[in-house]
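S.K.: What follows is the file target_18.csv, containing CSV, C-alpha atoms and all ligand atoms:
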```
chain,number,residue,atom,x,y,z
A,1,MET,CA,50.5,-7.8,76.6
A,2,SER,CA,48.5,-10.8,75.5
A,3,GLY,CA,45.2,-11.9,76.9
A,4,ALA,CA,46.8,-14.9,78.4
A,5,ALA,CA,49.3,-12.8,80.4
A,6,HIS,CA,46.4,-10.6,81.7
A,7,GLY,CA,44.4,-13.8,82.6
A,8,HIS,CA,41.5,-12.7,80.5
A,9,ASP,CA,41.7,-16.1,78.7
A,10,THR,CA,41.8,-18.3,81.8
A,11,PRO,CA,38.7,-20.4,81.6
A,12,VAL,CA,36.3,-20.2,84.4
A,13,PHE,CA,34.6,-23.4,85.8
A,14,VAL,CA,31.7,-23.1,88.1
A,15,PHE,CA,31.0,-26.2,90.2
A,16,VAL,CA,27.5,-25.9,91.3
A,17,ASP,CA,25.1,-27.8,93.5
A,18,LEU,CA,21.6,-28.0,92.1
A,19,ASP,CA,18.7,-28.4,94.6
A,20,ASP,CA,18.4,-25.3,96.8
A,21,SER,CA,21.3,-23.7,95.0
A,22,LEU,CA,19.9,-23.2,91.5
A,23,PHE,CA,16.2,-24.3,92.0
A,24,ASN,CA,13.8,-25.2,94.8
A,25,SER,CA,11.1,-27.6,95.5
A,26,ALA,CA,7.6,-26.1,95.2
A,27,ARG,CA,7.1,-25.7,99.0
A,28,LYS,CA,10.3,-23.6,99.3
A,29,CYS,CA,9.6,-21.2,96.4
A,30,PRO,CA,8.8,-17.6,97.2
A,31,PRO,CA,5.2,-16.6,96.6
A,32,GLY,CA,4.1,-14.3,93.8
A,33,VAL,CA,7.0,-14.7,91.5
A,34,PRO,CA,6.9,-16.3,88.0
A,35,LEU,CA,8.3,-19.8,88.4
A,36,GLU,CA,9.5,-22.2,85.7
A,37,PRO,CA,9.7,-26.0,86.0
A,38,ALA,CA,13.2,-27.2,86.9
A,39,ALA,CA,12.9,-30.9,87.9
A,40,LEU,CA,10.4,-33.7,87.7
A,41,LEU,CA,9.3,-36.5,90.0
A,42,LYS,CA,9.5,-40.1,88.7
A,43,ASN,CA,5.8,-39.9,87.8
A,44,GLY,CA,6.5,-36.8,85.6
A,45,GLU,CA,5.0,-34.3,88.0
A,46,VAL,CA,6.9,-31.0,88.4
A,47,VAL,CA,8.6,-31.0,91.8
A,48,SER,CA,11.1,-28.1,91.5
A,49,TYR,CA,11.1,-24.6,90.0
A,50,THR,CA,13.5,-21.8,89.3
A,51,ASN,CA,12.6,-18.2,90.3
A,52,PRO,CA,13.6,-15.2,88.2
A,53,ARG,CA,16.8,-14.5,90.3
A,54,GLN,CA,18.0,-18.1,89.9
A,55,ARG,CA,17.4,-17.9,86.2
A,56,ALA,CA,19.3,-14.7,86.0
A,57,LEU,CA,22.2,-16.2,87.9
A,58,LEU,CA,22.3,-19.2,85.6
A,59,HIS,CA,22.2,-17.0,82.5
A,60,TRP,CA,25.0,-14.9,83.9
A,61,LEU,CA,27.1,-18.0,84.7
A,62,ARG,CA,26.5,-19.5,81.2
A,63,GLN,CA,27.9,-16.4,79.5
A,64,GLY,CA,31.3,-16.6,81.0
A,65,ALA,CA,31.9,-20.0,82.5
A,66,THR,CA,31.6,-23.7,82.1
A,67,ILE,CA,29.0,-25.0,84.5
A,68,VAL,CA,29.6,-28.4,86.2
A,69,PRO,CA,26.7,-29.6,88.3
A,70,VAL,CA,27.7,-31.3,91.6
A,71,THR,CA,24.7,-33.0,93.0
A,72,ALA,CA,23.6,-35.6,95.5
A,73,ARG,CA,21.0,-36.7,92.9
A,74,SER,CA,21.6,-40.1,91.3
A,75,ALA,CA,22.2,-40.2,87.5
A,76,GLU,CA,18.5,-41.1,87.2
A,77,GLY,CA,17.4,-38.2,89.3
A,78,PHE,CA,19.8,-35.9,87.4
A,79,ALA,CA,18.1,-37.0,84.2
A,80,ARG,CA,14.8,-35.6,85.6
A,81,VAL,CA,16.4,-32.1,85.9
A,82,LEU,CA,14.9,-29.9,83.2
A,83,VAL,CA,17.6,-27.1,83.3
A,84,ASP,CA,20.0,-27.8,80.5
A,85,PHE,CA,23.6,-28.7,81.5
A,86,PRO,CA,25.3,-29.7,78.3
A,87,GLY,CA,28.7,-30.7,79.7
A,88,MET,CA,30.0,-33.1,82.4
A,89,ALA,CA,28.3,-33.6,85.7
A,90,VAL,CA,29.1,-35.0,89.2
A,91,VAL,CA,26.2,-37.0,90.6
A,92,SER,CA,25.5,-39.3,93.6
A,93,PHE,CA,27.5,-37.2,96.0
A,94,GLY,CA,30.6,-37.6,93.8
A,95,GLY,CA,30.1,-41.4,93.3
A,96,VAL,CA,29.7,-40.9,89.6
A,97,ILE,CA,31.2,-38.4,87.1
A,98,LEU,CA,29.1,-38.3,83.9
A,99,ASP,CA,30.5,-37.0,80.6
A,100,ALA,CA,28.5,-34.8,78.1
A,101,GLN,CA,26.9,-38.0,76.7
A,102,ARG,CA,25.8,-39.0,80.2
A,103,GLN,CA,28.3,-41.9,80.3
A,104,PRO,CA,30.2,-42.6,83.5
A,105,ALA,CA,33.9,-41.5,83.3
A,106,PRO,CA,35.6,-44.9,83.3
A,107,ARG,CA,38.7,-44.1,85.5
A,108,TRP,CA,36.5,-42.5,88.2
A,109,ALA,CA,34.1,-45.4,88.0
A,110,GLN,CA,37.0,-47.8,88.6
A,111,HIS,CA,38.3,-45.8,91.5
A,112,MET,CA,34.8,-45.6,93.1
A,113,GLN,CA,34.2,-49.3,92.6
A,114,ALA,CA,37.3,-50.1,94.7
A,115,ALA,CA,36.6,-47.3,97.2
A,116,LEU,CA,32.9,-48.4,97.9
A,117,ALA,CA,33.2,-52.2,97.7
A,118,VAL,CA,33.7,-52.6,101.5
A,119,SER,CA,30.7,-50.2,102.3
A,120,ARG,CA,27.9,-52.3,100.8
A,121,GLU,CA,27.4,-54.6,103.7
A,122,PRO,CA,27.5,-52.0,106.5
A,123,MET,CA,25.2,-49.8,104.4
A,124,GLN,CA,22.7,-52.6,104.1
A,125,GLN,CA,22.9,-53.1,107.8
A,126,ALA,CA,22.3,-49.4,108.4
A,127,CYS,CA,19.3,-49.5,106.1
A,128,ALA,CA,17.8,-52.5,107.9
A,129,SER,CA,18.4,-50.9,111.3
A,130,MET,CA,16.8,-47.7,110.1
A,131,SER,CA,13.8,-49.5,108.6
A,132,ALA,CA,13.3,-51.3,111.9
A,133,TRP,CA,13.6,-48.1,113.9
A,134,LEU,CA,11.0,-46.4,111.7
A,135,VAL,CA,8.5,-49.2,112.3
A,136,GLU,CA,9.2,-49.4,116.0
A,137,HIS,CA,8.8,-45.7,116.5
A,138,GLU,CA,6.0,-45.3,114.0
A,139,ILE,CA,7.8,-42.7,112.0
A,140,ASP,CA,6.3,-42.0,108.6
A,141,ALA,CA,9.5,-41.9,106.6
A,142,TRP,CA,11.2,-44.1,104.0
A,143,VAL,CA,14.8,-45.2,103.7
A,144,LYS,CA,16.8,-46.6,100.8
A,145,VAL,CA,20.3,-47.3,99.6
A,146,VAL,CA,20.9,-45.2,96.5
A,147,GLU,CA,22.6,-47.3,93.9
A,148,GLU,CA,24.4,-46.6,90.6
A,149,ASN,CA,25.0,-49.4,88.2
A,150,GLY,CA,24.3,-51.9,91.0
A,151,GLN,CA,26.8,-50.3,93.4
A,152,ALA,CA,25.7,-49.0,96.7
A,153,GLN,CA,26.5,-45.2,97.0
A,154,TYR,CA,24.8,-43.8,100.1
A,155,LEU,CA,21.8,-44.1,102.5
A,156,LEU,CA,18.9,-41.7,102.0
A,157,THR,CA,16.0,-41.1,104.5
A,158,LYS,CA,13.1,-38.8,103.8
A,159,HIS,CA,10.0,-38.0,105.9
A,160,ARG,CA,6.8,-38.4,103.9
A,161,ALA,CA,5.3,-35.1,105.3
A,162,ALA,CA,8.7,-33.4,105.0
A,163,ASP,CA,9.0,-33.0,108.8
A,164,ALA,CA,12.7,-32.0,109.2
A,165,GLN,CA,12.4,-32.0,113.0
A,166,VAL,CA,11.5,-35.7,113.1
A,167,LEU,CA,14.5,-36.4,110.7
A,168,ALA,CA,16.8,-34.4,113.0
A,169,GLN,CA,15.7,-36.5,116.0
A,170,LEU,CA,16.2,-39.6,113.9
A,171,ALA,CA,19.7,-38.4,113.0
A,172,GLU,CA,20.6,-37.8,116.7
A,173,GLN,CA,19.1,-40.9,118.2
A,174,MET,CA,19.8,-43.5,115.5
A,175,LEU,CA,22.1,-42.5,112.6
A,176,ARG,CA,24.8,-40.4,114.3
A,177,PRO,CA,25.4,-43.0,117.0
A,178,TRP,CA,25.6,-45.6,114.3
A,179,ALA,CA,28.2,-43.6,112.3
A,180,ALA,CA,30.2,-42.5,115.4
A,181,THR,CA,31.5,-46.0,115.9
A,182,ARG,CA,32.5,-46.5,112.3
A,183,PRO,CA,35.5,-44.4,111.0
A,184,GLY,CA,34.9,-42.4,107.9
A,185,TRP,CA,31.1,-42.6,107.9
A,186,ARG,CA,29.3,-39.2,107.9
A,187,VAL,CA,25.8,-38.1,108.5
A,188,PHE,CA,24.3,-35.0,106.9
A,189,GLN,CA,20.9,-33.5,107.3
A,190,ASN,CA,19.5,-30.6,105.4
A,191,ASP,CA,15.7,-30.1,105.6
A,192,ASN,CA,14.0,-33.3,104.5
A,193,ASN,CA,17.2,-35.1,103.4
A,194,LEU,CA,19.0,-37.3,105.9
A,195,THR,CA,22.0,-39.0,104.4
A,196,LEU,CA,24.7,-41.4,105.5
A,197,LEU,CA,27.8,-41.3,103.4
A,198,PRO,CA,30.4,-44.1,103.4
A,199,PRO,CA,34.1,-43.5,103.6
A,200,GLY,CA,35.5,-42.5,100.2
A,201,LEU,CA,32.2,-40.9,99.0
A,202,ASP,CA,32.2,-37.1,98.9
A,203,LYS,CA,31.5,-34.4,96.4
A,204,SER,CA,34.9,-32.9,97.2
A,205,TYR,CA,36.8,-36.0,96.1
A,206,ALA,CA,35.1,-36.0,92.6
A,207,VAL,CA,35.6,-32.2,92.3
A,208,ALA,CA,39.3,-32.5,93.3
A,209,TYR,CA,39.8,-35.2,90.6
A,210,LEU,CA,38.1,-33.1,87.9
A,211,MET,CA,40.0,-30.0,88.9
A,212,ALA,CA,43.3,-31.9,88.6
A,213,GLU,CA,42.4,-33.2,85.2
A,214,LEU,CA,41.4,-29.7,84.0
A,215,ARG,CA,44.5,-28.0,85.4
A,216,ALA,CA,46.7,-30.7,83.7
A,217,GLN,CA,45.6,-29.0,80.5
A,218,GLY,CA,46.2,-25.4,81.7
A,219,ASP,CA,45.3,-23.0,84.4
A,220,ILE,CA,41.6,-22.5,85.3
A,221,VAL,CA,39.6,-20.3,87.7
A,222,THR,CA,37.2,-22.2,89.9
A,223,VAL,CA,34.0,-21.1,91.5
A,224,GLY,CA,31.9,-23.2,93.9
A,225,ILE,CA,28.2,-22.7,94.7
A,226,GLY,CA,26.3,-24.7,97.3
A,227,ASP,CA,23.6,-24.4,100.0
A,228,SER,CA,24.4,-27.4,102.3
A,229,LEU,CA,27.0,-28.3,104.9
A,230,SER,CA,27.7,-31.3,102.6
A,231,ASP,CA,28.8,-28.8,99.9
A,232,ALA,CA,31.4,-27.1,102.2
A,233,GLY,CA,34.1,-29.6,101.2
A,234,PHE,CA,34.0,-29.0,97.5
A,235,LEU,CA,33.5,-25.2,98.0
A,236,SER,CA,36.7,-25.1,100.0
A,237,LEU,CA,38.6,-26.4,97.0
A,238,CYS,CA,37.5,-23.5,94.8
A,239,ASP,CA,39.1,-20.2,94.2
A,240,TYR,CA,35.8,-18.5,95.0
A,241,ALA,CA,32.8,-19.8,96.8
A,242,MET,CA,29.1,-18.7,97.0
A,243,ALA,CA,26.3,-19.8,99.2
A,244,PRO,CA,22.7,-18.6,98.6
A,245,GLN,CA,21.3,-16.3,101.3
A,246,GLY,CA,19.0,-18.0,103.9
A,247,THR,CA,20.3,-21.6,103.2
A,248,GLN,CA,21.9,-24.0,105.7
A,249,LEU,CA,25.4,-23.1,104.6
A,250,GLY,CA,24.7,-19.4,104.0
A,251,GLN,CA,23.3,-19.1,107.5
A,252,ARG,CA,26.2,-21.0,109.0
A,253,LEU,CA,28.7,-18.7,107.3
A,254,TRP,CA,27.0,-15.6,108.6
A,255,GLU,CA,26.7,-17.1,112.1
A,256,CYS,CA,30.5,-17.7,112.1
A,257,LEU,CA,31.1,-14.1,111.2
A,258,ALA,CA,28.6,-12.5,113.5
B,1,MG,MG,21.6,-28.4,97.6
```
Using the file provided, produce a representation of the structure as structure tokens.
M.R.:
Amino acid sequence: MSGAAHGHDTPVFVFVDLDDSLFNSARKCPPGVPLEPAALLKNGEVVSYTNPRQRALLHWLRQGATIVPVTARSAEGFARVLVDFPGMAVVSFGGVILDAQRQPAPRWAQHMQAALAVSREPMQQACASMSAWLVEHEIDAWVKVVEENGQAQYLLTKHRAADAQVLAQLAEQMLRPWAATRPGWRVFQNDNNLTLLPPGLDKSYAVAYLMAELRAQGDIVTVGIGDSLSDAGFLSLCDYAMAPQGTQLGQRLWECLA
């Protein structure tokens, strides 16, 4: 029997979230292990590192699979990742698909432009409301609309001292009530990232699109890796899924099984 009949030749694609899945910010790194720089801040300072187990996982994946990063990072933030991903990548929560030359895939760009056009104004409103709330309640956080090529993608709030509890309160008191009255808008918080996603923007939509494109050329095996609840959608599309131990999604999965 040929390799194809056995399935040995079926290409494996790993759709993998980056932050907290393949590397961590310095404050979350385990003590006493050799770390290697994995991502930079805008000022060039190293902000994230890989530990030996993460590097081993990456090495193992590279040997047998094509790795496709699926990240909330903007294209600009993705460019500050030091780990090498030579192929295509999904950035901005699925708002942009980059090819190997880091150019936006034109058909997806067209689709997202139409999908997000109506969200710009409400997102600016949410940003203004959030800014006012932060001032009024003297919360030391910043908020911004993440944009790609001039197009509003999603709202991001971070606490300057990385106080996740303050962000959780902010989500409950301000952002979730805002989203609850607007169909399709979703709020995610994981640690010091509080995000508001407009209708039509989700990692899973971009991954579904890529999977369909790849499968149009022949069968593939898909594996998903992610650490956050916002990764669950694209993981559920994959043949196999992994969540790192001790992460938001990993914990939720074990809680469900316990
Ligand atoms: Mg993550």
S.K.: Counting all atoms listed in the file, what is within 12 Å of segment 101-107 of chain A, bar same-chain residues fewer than 4 positions away, as a PyMOL selection string?
M.R.: chain A and resi 74-76+78-79+85-92+94-97+111-114+148-149+206+209-210+213
S.K.: Which protein, DNA or RNA residues have an atom within 10 Å of ligand MG 1 (chain B), counting all atoms listed in the file, as a list in words?
M.R.: Val16, Asp17, Leu18, Asp19, Asp20, Ser21, Leu22, Phe23, Asn24, Val70, Thr71, Ala72, Arg73, Asn190, Asn193, Ile225, Gly226, Asp227, Ser228, Leu229, Ser230, Asp231, Ala243, Pro244, Thr247, Gln248 and Leu249 of chain A
S.K.: Choose the residue, out of A:Thr222, A:Gln245, A:Gln189, A:Ser236, that has the smallest atom-to-atom separation from Ile67 of chain A; count all atoms listed in the file.
M.R.: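 Ranking A:Thr222, A:Gln245, A:Gln189, A:Ser236 by distance to Ile67 of chain A, first place goes to A:Thr222.
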S.K.: Could you please give me, as JSON, numbers by chain, the residues of protein, DNA or RNA lying at most 7 Å from (28.8, -37.1, 103.7) in the coordinate frame of the file, considering all atoms listed in the file?
M.R.: {"A": [186, 187, 188, 196, 197, 201, 202, 230]}
S.K.: Filtering to C-alpha atoms, could you give me those residues as an mmCIF file, in the frame of the given file?
M.R.:
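So result.cif came out as:
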```cif
data_model
loop_
_atom_site.group_PDB
_atom_site.id
_atom_site.type_symbol
_atom_site.label_atom_id
_atom_site.label_comp_id
_atom_site.auth_asym_id
_atom_site.auth_seq_id
_atom_site.Cartn_x
_atom_site.Cartn_y
_atom_site.Cartn_z
ATOM 1 C CA ARG A 186 29.300 -39.200 107.900
ATOM 2 C CA VAL A 187 25.800 -38.100 108.500
ATOM 3 C CA PHE A 188 24.300 -35.000 106.900
ATOM 4 C CA LEU A 196 24.700 -41.400 105.500
ATOM 5 C CA LEU A 197 27.800 -41.300 103.400
ATOM 6 C CA LEU A 201 32.200 -40.900 99.000
ATOM 7 C CA ASP A 202 32.200 -37.100 98.900
ATOM 8 C CA SER A 230 27.700 -31.300 102.600
#
```
S.K.: Grab the atom CA of Val68 of chain A to atom CA of Pro30 of chain A distance for me, in Å with one decimal place.
M.R.: 25.9 Å
S.K.: Just give me the gap between atom CA of Thr157 of chain A and atom CA of Leu116 of chain A in Å, one decimal is fine.
M.R.: 19.6 Å
S.K.: In terms of the shortest atom-to-atom distance over all atoms listed in the file, which of A:Met123, A:Leu253, A:Ala65, A:Val83 is closest to Pro11 of chain A?
M.R.: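 Ranked by minimum distance to Pro11 of chain A, first place goes to A:Ala65.
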S.K.: Counting only C-alpha atoms, which residues of segment 82-136 of chain A fall within 12 Å of segment 164-169 of chain A, and what is the closest atom pair for each with its distance in Å at one decimal, ordered by chain and rising number, as JSON lines?
M.R.:
```
{"residue": "A:Met130", "atom": "CA", "partner": "A:Leu167", "partner_atom": "CA", "distance": 11.5}
{"residue": "A:Trp133", "atom": "CA", "partner": "A:Gln169", "partner_atom": "CA", "distance": 12.0}
{"residue": "A:Leu134", "atom": "CA", "partner": "A:Leu167", "partner_atom": "CA", "distance": 10.6}
```
S.K.: Suppose you want the space between atom CA of Lys203 of chain A and atom CA of Arg27 of chain A; what is it in Å?
M.R.: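 Atom-to-atom, atom CA of Lys203 of chain A and atom CA of Arg27 of chain A are spaced 26.0 Å apart.
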S.K.: Can you tell me which residues surround Glu45 of chain A at a distance of at most 12 Å, considering only C-alpha atoms, apart from same-chain residues fewer than 2 positions away, and format the answer as a list in words?
M.R.: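 Once the adjacent positions are removed, what remains is Ser25, Ala26, Pro37, Ala38, Ala39, Leu40, Leu41, Lys42, Asn43, Val47, Ser48, Tyr49, Arg80, Val81 and Leu82 of chain A.
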